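Engineer: This is work.txt (compact mmCIF, C-alpha atoms and all ligand atoms).
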```txt
# COMPACT_ATOMS: atom_id res chain seq x y z
CA MET C 882 17.14 72.63 70.94
CA ALA C 883 14.06 73.77 72.70
CA TYR C 884 11.22 72.41 74.66
CA SER C 885 9.52 69.09 74.22
CA PHE C 886 5.75 69.08 73.69
CA PRO C 887 4.95 68.28 77.38
CA GLU C 888 7.33 71.05 78.53
CA ARG C 889 5.59 73.55 76.27
CA ILE C 890 2.18 72.55 77.68
CA ILE C 891 3.54 73.01 81.22
CA HIS C 892 4.98 76.45 80.38
CA LYS C 893 1.68 77.48 78.80
CA PHE C 894 -0.19 76.34 81.87
CA ILE C 895 2.17 78.24 84.19
CA TRP C 896 1.84 81.35 82.02
CA PHE C 897 -1.96 81.10 82.16
CA VAL C 898 -2.03 80.66 85.95
CA LYS C 899 0.24 83.70 86.39
CA ASN C 900 -1.64 85.90 83.94
CA PHE C 901 -5.28 84.92 83.88
CA ARG C 902 -6.31 87.80 86.14
CA GLN C 903 -5.09 90.20 83.45
CA ILE C 904 -7.28 88.61 80.78
CA LYS C 905 -10.34 90.84 80.88
CA LYS C 906 -13.82 89.50 80.24
CA ASP C 907 -14.12 91.53 77.05
CA SER C 908 -10.69 90.44 75.84
CA VAL C 909 -10.38 89.61 72.15
CA ILE C 910 -9.34 86.18 73.39
CA PHE C 911 -13.05 85.44 73.70
CA HIS C 912 -14.00 86.72 70.26
CA ALA C 913 -14.31 84.20 67.46
CA ILE C 914 -12.24 84.70 64.34
CA HIS C 915 -14.37 85.51 61.30
CA GLY C 916 -14.52 82.12 59.65
CA PRO C 917 -12.63 78.84 59.52
CA ALA C 918 -9.08 79.22 60.80
CA VAL C 919 -6.53 79.02 58.01
CA TYR C 920 -3.66 79.49 60.46
CA ASN C 921 -3.63 78.57 64.13
CA THR C 922 -0.24 78.10 65.74
CA ASP C 923 2.71 80.02 67.24
CA GLY C 924 0.45 82.38 69.20
CA LEU C 925 -1.59 83.44 66.18
CA ALA C 926 -4.97 82.27 64.91
CA THR C 927 -6.60 83.82 61.85
CA SER C 928 -9.16 83.18 59.17
CA ASN C 929 -7.58 85.91 57.02
CA ASN C 930 -5.94 85.24 53.71
CA SER C 931 -2.70 83.32 54.12
CA ASP C 932 -1.96 82.44 50.50
CA PHE C 933 1.78 82.34 51.13
CA LEU C 934 1.18 78.99 52.83
CA LYS C 935 0.74 77.51 49.36
CA ASP C 936 3.48 79.48 47.64
CA GLU C 937 6.10 77.05 46.33
CA LYS C 938 9.00 79.43 46.73
CA PHE C 939 8.05 80.09 50.33
CA LEU C 940 7.47 76.40 51.05
CA LYS C 941 10.92 75.55 49.76
CA ALA C 942 12.46 78.18 52.06
CA TYR C 943 10.36 77.08 55.02
CA ASN C 944 11.29 73.44 54.47
CA ALA C 945 14.97 74.43 54.41
CA ALA C 946 14.42 76.10 57.80
CA ALA C 947 12.55 73.08 59.16
CA ALA C 948 15.42 70.83 58.03
CA THR C 949 17.69 72.60 60.56
CA ASN C 950 15.38 71.14 63.23
CA PRO C 951 14.92 74.32 65.30
CA TRP C 952 12.58 72.79 67.86
CA GLU C 953 10.31 69.82 68.31
CA GLY C 954 6.94 70.36 66.64
CA PHE C 955 8.24 73.39 64.67
CA THR C 956 5.35 75.37 63.11
CA SER C 957 6.03 79.05 62.63
CA GLN C 958 5.08 79.86 59.05
CA TRP C 959 3.83 83.43 59.53
CA ARG C 960 6.98 84.57 61.31
CA PHE C 961 9.11 82.97 58.61
CA TYR C 962 7.02 84.59 55.90
CA ILE C 963 7.67 87.98 57.54
CA VAL C 964 11.45 87.59 57.70
CA CYS C 965 11.59 86.28 54.13
CA TRP C 966 9.40 89.12 52.88
CA PHE C 967 11.48 91.86 54.51
CA ALA C 968 14.76 90.25 53.52
CA ASP C 969 13.50 90.25 49.95
CA TYR C 970 12.41 93.89 50.30
CA VAL C 971 15.87 95.10 51.35
CA LYS C 972 18.01 92.74 49.28
CA HIS C 973 18.82 95.36 46.62
CA LEU C 974 20.04 97.89 49.16
CA GLU C 975 23.73 98.30 49.71
CA GLY C 976 24.80 96.43 52.84
CA ASN C 977 25.08 93.06 54.48
CA PHE C 978 22.78 90.94 56.62
CA VAL C 979 23.24 90.30 60.36
CA GLU C 980 21.41 88.02 62.76
CA CYS C 981 22.05 88.04 66.53
CA GLY C 982 20.50 84.87 67.95
CA VAL C 983 20.72 82.17 65.31
CA ASN C 984 20.36 78.83 67.08
CA THR C 985 20.20 76.19 64.29
CA GLY C 986 19.93 78.92 61.66
CA ALA C 987 16.28 78.46 60.72
CA TYR C 988 15.50 82.10 59.85
CA SER C 989 18.79 82.69 58.10
CA LYS C 990 18.57 79.46 56.10
CA ALA C 991 15.01 80.30 55.01
CA ILE C 992 16.13 83.77 53.89
CA ILE C 993 19.16 82.45 52.04
CA GLU C 994 16.90 80.07 50.14
CA TYR C 995 14.05 82.56 49.59
CA ILE C 996 16.08 85.42 48.13
CA ASN C 997 18.87 83.37 46.57
CA PHE C 998 21.21 85.18 48.94
CA ASP C 999 24.38 83.63 47.55
CA SER C 1000 23.85 85.41 44.23
CA LEU C 1001 23.82 88.84 45.91
CA ASN C 1002 27.47 89.48 46.72
CA LYS C 1003 26.62 90.00 50.38
CA THR C 1004 27.67 88.37 53.64
CA PHE C 1005 25.25 87.08 56.26
CA TYR C 1006 26.84 87.48 59.72
CA LEU C 1007 25.47 84.90 62.17
CA LEU C 1008 26.16 85.63 65.85
CA ASP C 1009 25.35 83.23 68.66
CA THR C 1010 26.94 81.40 71.54
CA PHE C 1011 25.52 78.35 69.74
CA GLU C 1012 24.99 76.87 73.19
CA GLY C 1013 22.22 78.98 74.67
CA LEU C 1014 21.55 82.02 76.81
CA VAL C 1015 24.04 83.57 79.22
CA LYS C 1016 22.69 83.23 82.76
CA GLU C 1017 24.45 86.36 84.03
CA GLN C 1018 22.67 88.51 81.42
CA ILE C 1019 19.19 87.63 82.68
CA THR C 1020 17.83 90.20 85.13
CA THR C 1021 15.78 89.38 88.20
CA GLU C 1022 12.73 90.88 86.47
CA GLU C 1023 13.27 88.69 83.42
CA GLU C 1024 13.71 85.70 85.68
CA LYS C 1025 10.31 86.41 87.22
CA VAL C 1026 8.55 86.18 83.86
CA GLY C 1027 10.24 82.92 82.99
CA VAL C 1028 13.18 83.90 80.76
CA SER C 1029 15.45 81.55 82.77
CA ASN C 1030 13.40 78.65 81.42
CA TYR C 1031 15.26 79.15 78.16
CA LEU C 1032 18.56 78.29 79.86
CA LYS C 1033 17.89 74.61 79.41
CA ALA C 1034 16.21 74.98 76.03
CA TYR C 1035 19.33 75.09 73.87
CA THR C 1036 22.04 72.56 73.12
CA ASN C 1037 25.39 73.03 71.42
CA VAL C 1038 24.59 73.34 67.71
CA TYR C 1039 27.84 74.90 66.50
CA GLU C 1040 29.03 71.94 64.41
CA GLN C 1041 25.55 71.49 62.98
CA VAL C 1042 25.38 75.16 61.99
CA LYS C 1043 28.80 75.02 60.30
CA GLU C 1044 27.54 72.08 58.27
CA THR C 1045 24.20 73.76 57.45
CA PHE C 1046 25.88 76.85 55.99
CA LYS C 1047 29.03 75.32 54.54
CA ASN C 1048 28.10 76.37 50.99
CA ASN C 1049 26.64 79.80 51.80
CA ASN C 1050 28.05 83.33 52.02
CA VAL C 1051 27.94 83.49 55.80
CA LYS C 1052 30.33 84.38 58.58
CA ILE C 1053 29.56 82.36 61.69
CA ILE C 1054 30.61 84.23 64.84
CA LYS C 1055 30.54 82.07 67.94
CA GLY C 1056 30.59 83.76 71.34
CA ILE C 1057 28.73 86.05 73.66
CA VAL C 1058 27.04 89.21 72.38
CA PRO C 1059 28.13 91.98 73.06
CA ASP C 1060 31.76 90.70 73.21
CA THR C 1061 31.63 89.43 69.62
CA LEU C 1062 30.04 92.51 68.03
CA PRO C 1063 33.36 93.98 66.78
CA MET C 1064 33.89 90.76 64.78
CA VAL C 1065 31.19 91.94 62.40
CA THR C 1066 33.51 93.74 60.03
CA THR C 1067 30.95 95.51 57.85
CA ASN C 1068 29.93 99.13 58.22
CA LYS C 1069 26.87 98.75 56.03
CA ILE C 1070 23.91 96.68 57.14
CA ALA C 1071 20.66 96.30 55.19
CA TYR C 1072 19.02 93.61 57.32
CA LEU C 1073 19.32 93.17 61.07
CA SER C 1074 17.54 90.41 63.00
CA ILE C 1075 17.62 90.48 66.79
CA ASP C 1076 16.44 87.29 68.49
CA MET C 1077 18.32 86.43 71.69
CA ASN C 1078 15.42 86.25 74.20
CA VAL C 1079 17.29 88.51 76.67
CA THR C 1080 17.23 92.30 76.89
CA LYS C 1081 20.86 93.17 77.64
CA PRO C 1082 22.63 91.66 74.62
CA GLU C 1083 19.76 92.68 72.34
CA ILE C 1084 19.93 96.35 73.25
CA GLU C 1085 23.73 96.38 73.11
CA ALA C 1086 23.57 94.85 69.62
CA LEU C 1087 20.97 97.40 68.58
CA GLU C 1088 23.07 100.29 69.83
CA TYR C 1089 26.15 98.87 68.11
CA PHE C 1090 24.57 98.27 64.70
CA TRP C 1091 22.07 101.12 64.41
CA ASP C 1092 24.51 103.66 62.96
CA LYS C 1093 25.84 101.04 60.56
CA MET C 1094 22.39 100.35 59.09
CA VAL C 1095 21.82 101.87 55.69
CA SER C 1096 18.86 104.14 55.06
CA GLY C 1097 15.81 101.96 54.30
CA GLY C 1098 17.41 98.97 56.02
CA VAL C 1099 15.16 96.88 58.24
CA LEU C 1100 15.43 95.73 61.82
CA ILE C 1101 13.30 92.78 62.90
CA HIS C 1102 12.94 92.12 66.61
CA ASP C 1103 11.55 88.65 66.98
CA ASP C 1104 10.25 88.57 70.55
CA TYR C 1105 8.65 92.01 70.78
CA GLY C 1106 5.02 91.00 71.20
CA PHE C 1107 5.33 87.86 73.29
CA PRO C 1108 4.06 88.33 76.86
CA GLN C 1109 7.04 86.66 78.53
CA HIS C 1110 9.38 89.02 76.63
CA ILE C 1111 7.81 92.21 77.93
CA HIS C 1112 11.13 93.59 79.21
CA GLN C 1113 12.64 93.31 75.74
CA LYS C 1114 9.62 95.18 74.37
CA HIS C 1115 10.06 97.98 76.90
CA ALA C 1116 13.74 98.29 76.00
CA VAL C 1117 13.01 98.34 72.25
CA ASP C 1118 10.29 100.95 72.79
CA GLU C 1119 12.73 103.10 74.76
CA PHE C 1120 15.37 102.66 72.03
CA ALA C 1121 12.88 103.60 69.31
CA LYS C 1122 11.76 106.69 71.21
CA ARG C 1123 15.33 107.82 71.67
CA LYS C 1124 16.09 107.32 67.97
CA ASN C 1125 12.80 108.93 66.99
CA VAL C 1126 11.65 105.93 64.93
CA LYS C 1127 8.36 104.05 64.88
CA VAL C 1128 7.84 100.40 65.79
CA LEU C 1129 5.46 98.33 63.70
CA CYS C 1130 4.15 95.56 65.95
CA LEU C 1131 2.89 92.55 64.00
CA PRO C 1132 0.36 89.94 65.17
CA THR C 1133 3.15 87.37 64.83
CA GLY C 1134 4.85 89.04 67.82
CA GLN C 1135 7.61 90.49 65.65
CA ALA C 1136 8.47 94.19 65.54
CA ILE C 1137 9.67 96.02 62.45
CA ILE C 1138 11.71 99.22 62.49
CA PHE C 1139 13.05 100.92 59.37
CA LYS C 1140 16.27 102.91 59.46
CA PRO C 1141 15.46 106.44 58.28
C1 LIG X 1201 15.26 82.12 69.95
S1 LIG X 1201 16.85 81.54 69.61
C2 LIG X 1201 17.18 82.17 68.02
C3 LIG X 1201 16.35 81.54 66.95
C4 LIG X 1201 16.78 81.84 65.57
N1 LIG X 1201 16.64 83.24 65.22
C5 LIG X 1201 16.11 80.97 64.54
O1 LIG X 1201 16.12 81.35 63.37
O2 LIG X 1201 15.60 79.90 64.86
C6 LIG X 1201 17.83 82.51 70.68
C7 LIG X 1201 19.32 82.31 70.48
O3 LIG X 1201 19.99 83.40 71.11
C8 LIG X 1201 21.25 82.92 71.57
N2 LIG X 1201 21.76 83.85 72.59
C9 LIG X 1201 21.15 84.26 73.71
N3 LIG X 1201 21.92 85.14 74.37
C10 LIG X 1201 23.04 85.30 73.64
C11 LIG X 1201 24.21 86.10 73.79
N4 LIG X 1201 24.38 86.94 74.81
N5 LIG X 1201 25.16 86.02 72.83
C12 LIG X 1201 25.02 85.22 71.76
N6 LIG X 1201 23.92 84.44 71.56
C13 LIG X 1201 22.94 84.49 72.49
C14 LIG X 1201 20.95 81.53 72.08
O4 LIG X 1201 22.11 80.73 72.08
C15 LIG X 1201 19.89 81.04 71.09
O5 LIG X 1201 20.46 80.26 70.09
```
Take the structure from the file and write it as structure tokens.
Structural biologist:
Amino acid sequence: MAYSFPERIIHKFIWFVKNFRQIKKDSVIFHAIHGPAVYNTDGLATSNNSDFLKDEKFLKAYNAAAATNPWEGFTSQWRFYIVCWFADYVKHLEGNFVECGVNTGAYSKAIIEYINFDSLNKTFYLLDTFEGLVKEQITTEEEKVGVSNYLKAYTNVYEQVKETFKNNNVKIIKGIVPDTLPMVTTNKIAYLSIDMNVTKPEIEALEYFWDKMVSGGVLIHDDYGFPQHIHQKHAVDEFAKRKNVKVLCLPTGQAIIFKP
């Protein structure tokens, strides 16, 4: 899947040209981090403690994710640490796990490894077209900020995903969200990951699953803080306001919402 290194450089350059006027002179972009960087990739640079990078259990999970080959030059440790941590946090709740937007299954494979998911008597529902975004779901506004670039970023990974999860407690649901949502046959969800890069299917999935989430269950929205995903952020903010819940925005770009 995904962009090659030169493509990513080009997209970054285009993003900068389109947005540099908005980067104010006193922006934190121009402030140095407080010491040698211990993490500097995936839109996040920090000198703060990142001990998990040396944690063997985490490394094993991260390597399992990397083995699915999600994209060329894959480095996304902080985001993976977050999903593993929250999956671990909710694993003893009643309810199953759901991910909408799976691609090669990197997040879900990391979680399965990290929390020994197969010992939990739960099912991990994995929903994706397994062949990329749906053009008709991308709005003109999303097109303007570059979401259509993702149309050529994904290849058909369905057979690969079946192989990756052949020994795990997963249900792989291939097709377009929202059409496939009723194929998730659980009414109790402890962990919900939304990561489809497009607003329409994400909000429809959120609406569909929210009432099925158990109290204390966690929702992780992957794209929330990324500039090119601003329309998804607005929609999640509107959803959260309507449901009277708070959004925790992380420096990784992810958003966390707990089900009351
Ligand atoms: C960013 S990737 C997901 C990455 C994944 N969470 C991981 O662990 O690497 C986005 C995925 O959303 C899927 N997708 C986008 N729109 C969709 C839709 N309407 N229905 C189903 N899948 C969709 C794409 O096929 C793609 O695999």
Engineer: Using all atoms listed in the file, which residues have at least one atom no more than 9 Å from ligand LIG 1201 (chain X)? Output them as a PyMOL selection string.
Structural biologist: chain C and resi 882-883+946+949-952+961+980-991+1008-1016+1018+1031-1032+1034-1038+1054-1061+1074-1083+1103-1104
Engineer: So, with all atoms listed in the file as the atoms that count, which of C:Glu1044, C:His1110, C:Lys1025, C:Gly924 lies closest to Lys893 in chain C?
Structural biologist: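 Closest candidate: C:Gly924.
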Engineer: Expressed in Å to a single decimal, how great is the separation between CA of Lys1052 in chain C and CA of Ala1071 in chain C?
Structural biologist: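 About the pair CA of Lys1052 in chain C and CA of Ala1071 in chain C: they are 15.7 Å apart.
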Engineer: Can you list every residue of range 920-1037 of chain C that has an atom at most 10 Å from range 1126-1139 of chain C, with its nearest atom pair and the distance in Å to one decimal, using all atoms listed in the file, ordered by chain then number, as a tab-separated table?
Structural biologist:
```
residue	atom	partner	partner_atom	distance
C:Thr922	CA	C:Thr1133	CA	9.9
C:Asp923	CA	C:Thr1133	CA	7.7
C:Gly924	CA	C:Thr1133	CA	7.2
C:Leu925	CA	C:Thr1133	CA	6.3
C:Ala926	CA	C:Pro1132	CA	9.3
C:Thr927	CA	C:Pro1132	CA	9.8
C:Ser957	CA	C:Thr1133	CA	9.1
C:Gln958	CA	C:Thr1133	CA	9.7
C:Trp959	CA	C:Thr1133	CA	6.6
C:Arg960	CA	C:Thr1133	CA	5.9
C:Phe961	CA	C:Thr1133	CA	9.7
C:Ile963	CA	C:Gln1135	CA	8.5
C:Val964	CA	C:Gln1135	CA	9.3
C:Phe967	CA	C:Ile1137	CA	9.1
```
Engineer: Emit the selected residues as a compact mmCIF listing (two decimals), in the frame of the given file, including C-alpha atoms.
Structural biologist:
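Written file, result-v3.txt:
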```
# COMPACT_ATOMS: atom_id res chain seq x y z
CA THR C 922 -0.24 78.10 65.74
CA ASP C 923 2.71 80.02 67.24
CA GLY C 924 0.45 82.38 69.20
CA LEU C 925 -1.59 83.44 66.18
CA ALA C 926 -4.97 82.27 64.91
CA THR C 927 -6.60 83.82 61.85
CA SER C 957 6.03 79.05 62.63
CA GLN C 958 5.08 79.86 59.05
CA TRP C 959 3.83 83.43 59.53
CA ARG C 960 6.98 84.57 61.31
CA PHE C 961 9.11 82.97 58.61
CA ILE C 963 7.67 87.98 57.54
CA VAL C 964 11.45 87.59 57.70
CA PHE C 967 11.48 91.86 54.51
```
Engineer: Can you measure CA of Ala942 in chain C to CA of Cys965 in chain C for me? One decimal in Å is fine.
Structural biologist: 8.4 Å
Engineer: Mind checking which residues fall within 10 Å of Ala1116 in chain C, counting all atoms listed in the file, ignoring those fewer than 2 positions away in the same chain, and posting them as a ChimeraX atom specification?
Structural biologist: /C:1080-1081,1083-1084,1105,1111-1114,1118-1122
Engineer: Give me, please, the distance in Å between CA of Phe1005 in chain C and CA of Pro1141 in chain C, quoted to one decimal.
Structural biologist: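 Distance between the two atoms: 21.8 Å.
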Engineer: Which residue, C:Thr1004, C:Asn1125, C:Thr1021, C:Gln1109, has the smallest gap to Glu975 in chain C when you use only C-alpha atoms?
Structural biologist: C:Thr1004
Engineer: Which of these, C:Tyr920, C:Tyr1072, C:Phe955, C:Phe901, has the shortest distance to Val971 in chain C once you count all atoms listed in the file?
Structural biologist: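 Ranking C:Tyr920, C:Tyr1072, C:Phe955, C:Phe901 by distance to Val971 in chain C, first place goes to C:Tyr1072.
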